[in-house]
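J.: Here it is, the structure in full.
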Amino acid sequence: NFPAEAVPQAPEDPLFGLMRAYKADQSPDKVDLGIGAYRDDNAKPWVLPVVKKADEILRNDPEANHEYLPIAGLASLTSKAAELLLGTGAPAIAEKRVASVQTISGTGAVHLGALFLARFYKVNGANRTLYLSNPTWANHHQIFTNVGIPIEQYPYFDKKTKGLDFEGMKASLANAPDRSIILLHACAHNPTGVDPTPEQWREIAELMKAKKHFPFFDTAYQGFASGDLDRDAGAIRYFVEQGFELVIAQSFAKNFGLYGERAGCFHFVAPPAPDAAEVTTRVASQLAILQRSEISNPPIYGARIASIVLNDKDLFAEWQENLRTMSGRIIAMRQALRSKLEELGTPGQWNHITDQIGMFSFTGLSETQVQKIRSDFHIYMTKNGRISMAGLNTRNVEYVAKAIDRVVR
Ligand SMILES: Cc1[nH+]cc(COP(=O)(O)O)c(/C=N/[C@@H](CC(=O)O)C(=O)O)c1O
């Protein structure tokens, strides 16, 4: 059996604990600014109209069954997923330098990448160190620790400017041992909402090239940040064009609204070289072994929905429209919250709320203020002061602004 010293009580996951507490709260005023999931102006989850259409098509498909997918998943999804990231006609795809595997959403992709690197990216038999941004997505730390990859942090958020600590980030990457793994949020950084500018990405790439660092991109918000799929893939495309060998974890949870269907992909990109295609084939073969032993093959429903949309130009165009709706509403809420706080004369600067991008805003509220806004106003956000902007709507934004004003004073 498992005595307590062998199996100690683990703390509840902060994010899912917050979701549970919110659901249990009976207050009619409660506001959920916790989990990074889109809500419409009625605070309801939004099934994308294009997803509803794809579902209709799937239900009317006489061929649709419940057979196993291949270990690497639905090829009509993974090939389009790679194109979405690298661009149509990308040389890396044409030269067969990309190995793609459908995964259990973005988390499964980050994990598969972590497991692959833990097995195969070593120096003298020891795992190389992986650098995470400080702060980063709460789950990153445990995913990499679970597979035995040592992790360090690079500075990322400047508390004073509430923007990027660019100098701190560069210094940390420069001091890291050569060939370290650097985890980079491709766009819409979670939890800060702060992204490097294209110029800053170029400097980061130059520094990482000199250090021979290994980029590990995590992209969970493509199309969600700026509303433009190509723009949100800019950093990834630049690094691939610069000839990096890298991996990408891709989630379709948010940009397709397929959260619980667990649709995602993992991609390995080999740099141009005479043996690049052969390296890619060998990597794909090892990824298949790892995937088979963990999940055998990935879930089929979400993959079919995303594949139907990505492979039909009219549905793809409608999906882009749906993305503009979601990102547009979030940007409108950023402007509404900032202007309310400025109208109230709430102490502090609030431009960061509209300067930041994507699902989240890093408000700067302290842990005490977060506790207070929860107990006094039933407003839920993570203890680091991150708010999911999609939780705001035209009915509650004033209430939230007044509550922030009260706890900040
Ligand atoms: C950066 C990032 N990467 C990966 C994921 C995983 O998404 P998946 O559902 O596995 O495709 C999330 C989810 N973030 C939100 C939900 C969560 O914590 O799982 C969040 O930060 O609220 C990320 O924010």
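Following the order of the structure tokens, first chain is A, next is B, and so on, with residues numbered from 1 inside each chain and ligands from 1 in the order they appear.
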May I have a table of the residues of segment 88-174 of chain A lying at most 7 Å from segment 256-279 of chain A, giving each one's closest pair of atoms and their distance in Å to one decimal, counting only C-alpha atoms, ordered by chain and ascending residue number, as JSON lines?

T.:
{"residue": "A:Glu95", "atom": "CA", "partner": "A:Ala277", "partner_atom": "CA", "distance": 7.0}
{"residue": "A:Lys96", "atom": "CA", "partner": "A:Ala277", "partner_atom": "CA", "distance": 5.4}
{"residue": "A:Arg97", "atom": "CA", "partner": "A:Ala270", "partner_atom": "CA", "distance": 5.1}
{"residue": "A:Val98", "atom": "CA", "partner": "A:Val269", "partner_atom": "CA", "distance": 4.6}
{"residue": "A:Ala99", "atom": "CA", "partner": "A:Phe268", "partner_atom": "CA", "distance": 5.1}
{"residue": "A:Ser100", "atom": "CA", "partner": "A:His267", "partner_atom": "CA", "distance": 4.4}
{"residue": "A:Val101", "atom": "CA", "partner": "A:Phe266", "partner_atom": "CA", "distance": 5.1}
{"residue": "A:Gln102", "atom": "CA", "partner": "A:Cys265", "partner_atom": "CA", "distance": 4.2}
{"residue": "A:Thr103", "atom": "CA", "partner": "A:Cys265", "partner_atom": "CA", "distance": 5.0}
{"residue": "A:Ile104", "atom": "CA", "partner": "A:Arg262", "partner_atom": "CA", "distance": 5.1}
{"residue": "A:Ser105", "atom": "CA", "partner": "A:Gly264", "partner_atom": "CA", "distance": 3.7}
{"residue": "A:Gly106", "atom": "CA", "partner": "A:Gly264", "partner_atom": "CA", "distance": 5.3}
{"residue": "A:Ala109", "atom": "CA", "partner": "A:Phe266", "partner_atom": "CA", "distance": 4.9}

J.: Could I get the residue neighbourhood of ligand 1 at 9 Å, counting only C-alpha atoms and all ligand atoms, as a PDB file with N, CA, C and O atoms, in the first residue's frame?

T.:
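Wrote part25.pdb, looks like this:
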ATOM      1  N   LEU A  15      -5.169  26.439 -11.069  1.00  0.00           N
ATOM      2  CA  LEU A  15      -6.150  26.902 -12.050  1.00  0.00           C
ATOM      3  C   LEU A  15      -7.465  26.134 -11.952  1.00  0.00           C
ATOM      4  O   LEU A  15      -8.546  26.715 -11.940  1.00  0.00           O
ATOM      5  N   PHE A  16      -7.352  24.801 -11.844  1.00  0.00           N
ATOM      6  CA  PHE A  16      -8.593  24.023 -11.784  1.00  0.00           C
ATOM      7  C   PHE A  16      -9.257  24.159 -10.420  1.00  0.00           C
ATOM      8  O   PHE A  16     -10.478  24.072 -10.298  1.00  0.00           O
ATOM      9  N   GLY A  34     -10.549  33.520 -14.453  1.00  0.00           N
ATOM     10  CA  GLY A  34      -9.499  32.538 -14.190  1.00  0.00           C
ATOM     11  C   GLY A  34      -9.023  31.805 -15.418  1.00  0.00           C
ATOM     12  O   GLY A  34      -8.115  32.243 -16.118  1.00  0.00           O
ATOM     13  N   ILE A  35      -9.656  30.668 -15.714  1.00  0.00           N
ATOM     14  CA  ILE A  35      -9.149  29.775 -16.758  1.00  0.00           C
ATOM     15  C   ILE A  35      -9.115  30.452 -18.126  1.00  0.00           C
ATOM     16  O   ILE A  35      -9.963  31.263 -18.442  1.00  0.00           O
ATOM     17  N   GLY A  36      -8.059  30.145 -18.865  1.00  0.00           N
ATOM     18  CA  GLY A  36      -7.879  30.773 -20.179  1.00  0.00           C
ATOM     19  C   GLY A  36      -8.784  30.137 -21.209  1.00  0.00           C
ATOM     20  O   GLY A  36      -8.330  29.394 -22.077  1.00  0.00           O
ATOM     21  N   ALA A  37     -10.082  30.412 -21.108  1.00  0.00           N
ATOM     22  CA  ALA A  37     -11.025  29.881 -22.090  1.00  0.00           C
ATOM     23  C   ALA A  37     -11.940  31.020 -22.524  1.00  0.00           C
ATOM     24  O   ALA A  37     -12.400  31.802 -21.688  1.00  0.00           O
ATOM     25  N   ILE A 104      -2.334  15.050 -27.571  1.00  0.00           N
ATOM     26  CA  ILE A 104      -3.465  15.381 -26.684  1.00  0.00           C
ATOM     27  C   ILE A 104      -3.391  16.885 -26.403  1.00  0.00           C
ATOM     28  O   ILE A 104      -2.864  17.332 -25.382  1.00  0.00           O
ATOM     29  N   SER A 105      -3.839  17.652 -27.367  1.00  0.00           N
ATOM     30  CA  SER A 105      -3.860  19.112 -27.263  1.00  0.00           C
ATOM     31  C   SER A 105      -2.463  19.697 -27.021  1.00  0.00           C
ATOM     32  O   SER A 105      -1.456  19.006 -27.267  1.00  0.00           O
ATOM     33  N   GLY A 106      -2.396  20.933 -26.522  1.00  0.00           N
ATOM     34  CA  GLY A 106      -1.095  21.575 -26.374  1.00  0.00           C
ATOM     35  C   GLY A 106      -0.275  20.959 -25.258  1.00  0.00           C
ATOM     36  O   GLY A 106       0.934  20.780 -25.372  1.00  0.00           O
ATOM     37  N   THR A 107      -0.963  20.576 -24.182  1.00  0.00           N
ATOM     38  CA  THR A 107      -0.260  19.947 -23.060  1.00  0.00           C
ATOM     39  C   THR A 107       0.433  18.667 -23.519  1.00  0.00           C
ATOM     40  O   THR A 107       1.592  18.433 -23.211  1.00  0.00           O
ATOM     41  N   GLY A 108      -0.275  17.863 -24.308  1.00  0.00           N
ATOM     42  CA  GLY A 108       0.305  16.613 -24.817  1.00  0.00           C
ATOM     43  C   GLY A 108       1.489  16.892 -25.722  1.00  0.00           C
ATOM     44  O   GLY A 108       2.480  16.155 -25.712  1.00  0.00           O
ATOM     45  N   ALA A 109       1.425  17.987 -26.469  1.00  0.00           N
ATOM     46  CA  ALA A 109       2.530  18.342 -27.365  1.00  0.00           C
ATOM     47  C   ALA A 109       3.754  18.800 -26.578  1.00  0.00           C
ATOM     48  O   ALA A 109       4.884  18.395 -26.855  1.00  0.00           O
ATOM     49  N   VAL A 110       3.507  19.614 -25.532  1.00  0.00           N
ATOM     50  CA  VAL A 110       4.638  20.048 -24.699  1.00  0.00           C
ATOM     51  C   VAL A 110       5.267  18.828 -24.042  1.00  0.00           C
ATOM     52  O   VAL A 110       6.489  18.656 -24.028  1.00  0.00           O
ATOM     53  N   THR A 136       5.710  31.960 -16.324  1.00  0.00           N
ATOM     54  CA  THR A 136       5.291  31.227 -17.516  1.00  0.00           C
ATOM     55  C   THR A 136       3.974  30.506 -17.209  1.00  0.00           C
ATOM     56  O   THR A 136       3.442  30.624 -16.099  1.00  0.00           O
ATOM     57  N   TRP A 137       3.466  29.731 -18.154  1.00  0.00           N
ATOM     58  CA  TRP A 137       2.255  28.931 -17.916  1.00  0.00           C
ATOM     59  C   TRP A 137       2.526  27.988 -16.745  1.00  0.00           C
ATOM     60  O   TRP A 137       3.562  27.316 -16.704  1.00  0.00           O
ATOM     61  N   ALA A 138       1.569  27.932 -15.801  1.00  0.00           N
ATOM     62  CA  ALA A 138       1.782  27.206 -14.547  1.00  0.00           C
ATOM     63  C   ALA A 138       2.199  25.753 -14.780  1.00  0.00           C
ATOM     64  O   ALA A 138       3.002  25.200 -14.032  1.00  0.00           O
ATOM     65  N   ASN A 139       1.718  25.138 -15.851  1.00  0.00           N
ATOM     66  CA  ASN A 139       1.953  23.703 -16.048  1.00  0.00           C
ATOM     67  C   ASN A 139       3.339  23.385 -16.611  1.00  0.00           C
ATOM     68  O   ASN A 139       3.785  22.241 -16.562  1.00  0.00           O
ATOM     69  N   HIS A 140       4.025  24.369 -17.172  1.00  0.00           N
ATOM     70  CA  HIS A 140       5.327  24.093 -17.809  1.00  0.00           C
ATOM     71  C   HIS A 140       6.293  23.418 -16.841  1.00  0.00           C
ATOM     72  O   HIS A 140       6.914  22.402 -17.163  1.00  0.00           O
ATOM     73  N   HIS A 185       7.232  31.398 -25.788  1.00  0.00           N
ATOM     74  CA  HIS A 185       5.815  31.496 -26.146  1.00  0.00           C
ATOM     75  C   HIS A 185       5.752  32.187 -27.505  1.00  0.00           C
ATOM     76  O   HIS A 185       6.199  33.336 -27.629  1.00  0.00           O
ATOM     77  N   ALA A 186       5.179  31.552 -28.499  1.00  0.00           N
ATOM     78  CA  ALA A 186       5.215  32.092 -29.871  1.00  0.00           C
ATOM     79  C   ALA A 186       4.462  33.424 -29.970  1.00  0.00           C
ATOM     80  O   ALA A 186       4.873  34.326 -30.705  1.00  0.00           O
ATOM     81  N   CYS A 187       3.333  33.542 -29.248  1.00  0.00           N
ATOM     82  CA  CYS A 187       2.593  34.814 -29.221  1.00  0.00           C
ATOM     83  C   CYS A 187       1.641  34.752 -28.027  1.00  0.00           C
ATOM     84  O   CYS A 187       1.373  33.676 -27.512  1.00  0.00           O
ATOM     85  N   ALA A 188       1.162  35.935 -27.600  1.00  0.00           N
ATOM     86  CA  ALA A 188       0.186  36.014 -26.496  1.00  0.00           C
ATOM     87  C   ALA A 188       0.723  35.314 -25.248  1.00  0.00           C
ATOM     88  O   ALA A 188       0.130  34.369 -24.728  1.00  0.00           O
ATOM     89  N   HIS A 189       1.840  35.779 -24.765  1.00  0.00           N
ATOM     90  CA  HIS A 189       2.528  35.161 -23.626  1.00  0.00           C
ATOM     91  C   HIS A 189       1.575  34.959 -22.445  1.00  0.00           C
ATOM     92  O   HIS A 189       0.807  35.851 -22.085  1.00  0.00           O
ATOM     93  N   ASN A 190       1.615  33.756 -21.892  1.00  0.00           N
ATOM     94  CA  ASN A 190       0.790  33.425 -20.724  1.00  0.00           C
ATOM     95  C   ASN A 190       1.702  33.346 -19.493  1.00  0.00           C
ATOM     96  O   ASN A 190       2.642  32.575 -19.506  1.00  0.00           O
ATOM     97  N   PRO A 191       1.528  34.118 -18.442  1.00  0.00           N
ATOM     98  CA  PRO A 191       0.354  34.923 -18.088  1.00  0.00           C
ATOM     99  C   PRO A 191       0.484  36.425 -18.363  1.00  0.00           C
ATOM    100  O   PRO A 191      -0.433  37.172 -18.058  1.00  0.00           O
ATOM    101  N   ASP A 218       6.070  27.163 -27.772  1.00  0.00           N
ATOM    102  CA  ASP A 218       4.752  26.719 -27.321  1.00  0.00           C
ATOM    103  C   ASP A 218       3.749  27.724 -27.885  1.00  0.00           C
ATOM    104  O   ASP A 218       3.808  28.909 -27.549  1.00  0.00           O
ATOM    105  N   THR A 219       2.876  27.254 -28.810  1.00  0.00           N
ATOM    106  CA  THR A 219       1.908  28.186 -29.386  1.00  0.00           C
ATOM    107  C   THR A 219       0.489  27.678 -29.134  1.00  0.00           C
ATOM    108  O   THR A 219       0.045  26.683 -29.696  1.00  0.00           O
ATOM    109  N   ALA A 220      -0.213  28.396 -28.261  1.00  0.00           N
ATOM    110  CA  ALA A 220      -1.570  27.981 -27.879  1.00  0.00           C
ATOM    111  C   ALA A 220      -2.600  29.036 -28.277  1.00  0.00           C
ATOM    112  O   ALA A 220      -3.781  28.872 -27.949  1.00  0.00           O
ATOM    113  N   TYR A 221      -2.137  30.113 -28.919  1.00  0.00           N
ATOM    114  CA  TYR A 221      -3.051  31.243 -29.187  1.00  0.00           C
ATOM    115  C   TYR A 221      -2.892  31.808 -30.591  1.00  0.00           C
ATOM    116  O   TYR A 221      -3.181  32.972 -30.830  1.00  0.00           O
ATOM    117  N   ALA A 249       5.106  23.088 -29.946  1.00  0.00           N
ATOM    118  CA  ALA A 249       3.885  22.501 -29.372  1.00  0.00           C
ATOM    119  C   ALA A 249       2.727  23.406 -29.778  1.00  0.00           C
ATOM    120  O   ALA A 249       2.782  24.612 -29.545  1.00  0.00           O
ATOM    121  N   GLN A 250       1.716  22.813 -30.431  1.00  0.00           N
ATOM    122  CA  GLN A 250       0.616  23.594 -31.010  1.00  0.00           C
ATOM    123  C   GLN A 250      -0.723  23.145 -30.435  1.00  0.00           C
ATOM    124  O   GLN A 250      -1.069  21.972 -30.490  1.00  0.00           O
ATOM    125  N   SER A 251      -1.454  24.089 -29.859  1.00  0.00           N
ATOM    126  CA  SER A 251      -2.760  23.775 -29.295  1.00  0.00           C
ATOM    127  C   SER A 251      -3.867  24.345 -30.174  1.00  0.00           C
ATOM    128  O   SER A 251      -3.761  25.483 -30.632  1.00  0.00           O
ATOM    129  N   PHE A 252      -4.937  23.553 -30.362  1.00  0.00           N
ATOM    130  CA  PHE A 252      -6.124  24.057 -31.047  1.00  0.00           C
ATOM    131  C   PHE A 252      -7.263  24.277 -30.050  1.00  0.00           C
ATOM    132  O   PHE A 252      -8.418  24.456 -30.432  1.00  0.00           O
ATOM    133  N   ALA A 253      -6.922  24.250 -28.756  1.00  0.00           N
ATOM    134  CA  ALA A 253      -7.974  24.390 -27.736  1.00  0.00           C
ATOM    135  C   ALA A 253      -8.657  25.739 -27.843  1.00  0.00           C
ATOM    136  O   ALA A 253      -9.887  25.831 -27.879  1.00  0.00           O
ATOM    137  N   LYS A 254      -7.872  26.817 -27.878  1.00  0.00           N
ATOM    138  CA  LYS A 254      -8.459  28.155 -27.799  1.00  0.00           C
ATOM    139  C   LYS A 254      -8.888  28.655 -29.162  1.00  0.00           C
ATOM    140  O   LYS A 254      -9.995  29.201 -29.303  1.00  0.00           O
ATOM    141  N   LEU A 258     -11.894  24.105 -29.044  1.00  0.00           N
ATOM    142  CA  LEU A 258     -12.018  22.647 -28.897  1.00  0.00           C
ATOM    143  C   LEU A 258     -11.387  22.173 -27.596  1.00  0.00           C
ATOM    144  O   LEU A 258     -10.850  21.077 -27.521  1.00  0.00           O
ATOM    145  N   TYR A 259     -11.475  22.979 -26.544  1.00  0.00           N
ATOM    146  CA  TYR A 259     -10.814  22.748 -25.258  1.00  0.00           C
ATOM    147  C   TYR A 259     -10.847  21.290 -24.811  1.00  0.00           C
ATOM    148  O   TYR A 259      -9.818  20.650 -24.677  1.00  0.00           O
ATOM    149  N   GLY A 260     -12.059  20.784 -24.588  1.00  0.00           N
ATOM    150  CA  GLY A 260     -12.223  19.442 -24.026  1.00  0.00           C
ATOM    151  C   GLY A 260     -12.022  18.342 -25.047  1.00  0.00           C
ATOM    152  O   GLY A 260     -11.926  17.159 -24.687  1.00  0.00           O
ATOM    153  N   GLU A 261     -11.934  18.676 -26.353  1.00  0.00           N
ATOM    154  CA  GLU A 261     -11.707  17.630 -27.359  1.00  0.00           C
ATOM    155  C   GLU A 261     -10.226  17.298 -27.499  1.00  0.00           C
ATOM    156  O   GLU A 261      -9.851  16.353 -28.183  1.00  0.00           O
ATOM    157  N   ARG A 262      -9.369  18.113 -26.906  1.00  0.00           N
ATOM    158  CA  ARG A 262      -7.937  17.831 -26.793  1.00  0.00           C
ATOM    159  C   ARG A 262      -7.283  17.672 -28.176  1.00  0.00           C
ATOM    160  O   ARG A 262      -6.681  16.644 -28.500  1.00  0.00           O
ATOM    161  N   ALA A 263      -7.393  18.738 -28.998  1.00  0.00           N
ATOM    162  CA  ALA A 263      -6.794  18.694 -30.352  1.00  0.00           C
ATOM    163  C   ALA A 263      -5.518  19.526 -30.378  1.00  0.00           C
ATOM    164  O   ALA A 263      -5.526  20.695 -30.011  1.00  0.00           O
ATOM    165  N   GLY A 264      -4.430  18.912 -30.785  1.00  0.00           N
ATOM    166  CA  GLY A 264      -3.154  19.627 -30.855  1.00  0.00           C
ATOM    167  C   GLY A 264      -2.153  18.850 -31.686  1.00  0.00           C
ATOM    168  O   GLY A 264      -2.433  17.733 -32.146  1.00  0.00           O
ATOM    169  N   MET A 359      -4.989  36.478 -24.641  1.00  0.00           N
ATOM    170  CA  MET A 359      -6.055  36.069 -23.707  1.00  0.00           C
ATOM    171  C   MET A 359      -5.940  36.759 -22.352  1.00  0.00           C
ATOM    172  O   MET A 359      -6.939  36.979 -21.686  1.00  0.00           O
ATOM    173  N   PHE A 360      -4.716  37.107 -21.960  1.00  0.00           N
ATOM    174  CA  PHE A 360      -4.507  37.483 -20.566  1.00  0.00           C
ATOM    175  C   PHE A 360      -3.984  38.902 -20.381  1.00  0.00           C
ATOM    176  O   PHE A 360      -3.312  39.442 -21.258  1.00  0.00           O
ATOM    177  N   SER A 388      -8.104  36.541 -17.206  1.00  0.00           N
ATOM    178  CA  SER A 388      -8.462  36.106 -18.547  1.00  0.00           C
ATOM    179  C   SER A 388      -9.461  37.122 -19.090  1.00  0.00           C
ATOM    180  O   SER A 388     -10.594  37.223 -18.601  1.00  0.00           O
TER     181      SER A 388
END

J.: Measuring between only C-alpha atoms, which one of A:Ser361, A:Thr280, A:Asn255, A:Ser296 shows the shortest distance to Trp46 of chain A?

T.: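 Closest residue, counting only C-alpha atoms: A:Asn255.
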
J.: Nearest residue to Ala114 of chain A out of A:Ile248, A:Lys30, A:Ile357, A:Ala72, using only C-alpha atoms?

T.: A:Ile248

J.: Among segment 152-301 of chain A, which ones does DSSP place in alpha helix (DSSP H), written as an NGL selection string?

T.: :A and (166-175 or 198-210 or 229-232 or 234-241 or 276-294 or 301)

J.: According to DSSP computed on the backbone, where in segment 171-366 of chain A is there strand (DSSP E or B)? Give the residues as a list in words.

T.: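 Here is the list: Ile181, Ile182, Leu183, Leu184, His185, Phe214, Pro215, Phe216, Phe217, Asp218, Thr219, Leu246, Val247, Ile248, Ala249, Gln250, Ser251, Ala263, Gly264, Cys265, Phe266, His267, Phe268, Val269, Phe360, Ser361 and Phe362 of chain A.
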
J.: Applying 12 Å and only C-alpha atoms, which residues near Glu321 of chain A remain after dropping the ones on its own chain fewer than 2 positions away? List them as a list in words.

T.: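 That gives Leu48, Pro49, Val50, Gly223, Phe224, Gly227, Asp228, Leu229, Asn255, Phe256, Asp314, Leu315, Phe316, Ala317, Glu318, Trp319, Leu323, Arg324, Thr325, Met326, Ser327 and Gly328 of chain A.
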
J.: Need to verify the contact set: Met333 of chain A, 10 Å, only C-alpha atoms, exclusion of same-chain residues closer than 4 positions in sequence. Can you return it as an NGL selection string?

T.: :A and (41 or 327-329 or 337-339 or 353-354 or 389-394 or 397)

J.: I'd like the interatomic distance between atom CA of Phe216 of chain A and atom CA of Asn322 of chain A, to a tenth of an Å.

T.: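 Those two atoms sit 28.2 Å apart.
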
J.: Of the residues A:Val123, A:Leu310, A:Glu83, A:Asp29, which is the one nearest to Val400 of chain A, using only C-alpha atoms?

T.: A:Asp29

J.: Hey, which of A:Asn127, A:Ala403, A:Pro198, A:Ser27 ends up closest to Arg237 of chain A? Count only C-alpha atoms.

T.: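 When distances to Arg237 of chain A are compared using only C-alpha atoms, the smallest one comes from A:Pro198.
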
J.: Atom CA of Gln153 of chain A and atom CA of Gln349 of chain A, how far apart in Å?

T.: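 Computing it gives 27.2 Å between the two atoms.
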
J.: From the options A:Leu164, A:Ile330, A:Ile182, A:Ile379, which residue's atoms come nearest to Thr197 of chain A, counting only C-alpha atoms?

T.: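 Ranking A:Leu164, A:Ile330, A:Ile182, A:Ile379 by distance to Thr197 of chain A, first place goes to A:Leu164.
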
J.: Take atom CA of Arg231 of chain A and atom CA of Pro196 of chain A and report the distance between them in Å, one decimal.

T.: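 Rounded to one decimal, the two atoms are 12.8 Å apart.
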
J.: Identify, on the basis of only C-alpha atoms, every residue whose closest approach to Arg59 of chain A does not exceed 12 Å; exclude the query and any residue fewer than 5 positions from it along the same chain; express the result as an NGL selection string.

T.: :A and (52-54 or 64-65 or 301 or 304-305 or 308)

J.: Between A:Gln291, A:Thr281, A:Thr145, A:Thr363, which one has atoms that come closest to Leu132 of chain A, using only C-alpha atoms?

T.: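 Checking each candidate against Leu132 of chain A, we get A:Thr145 as the closest.
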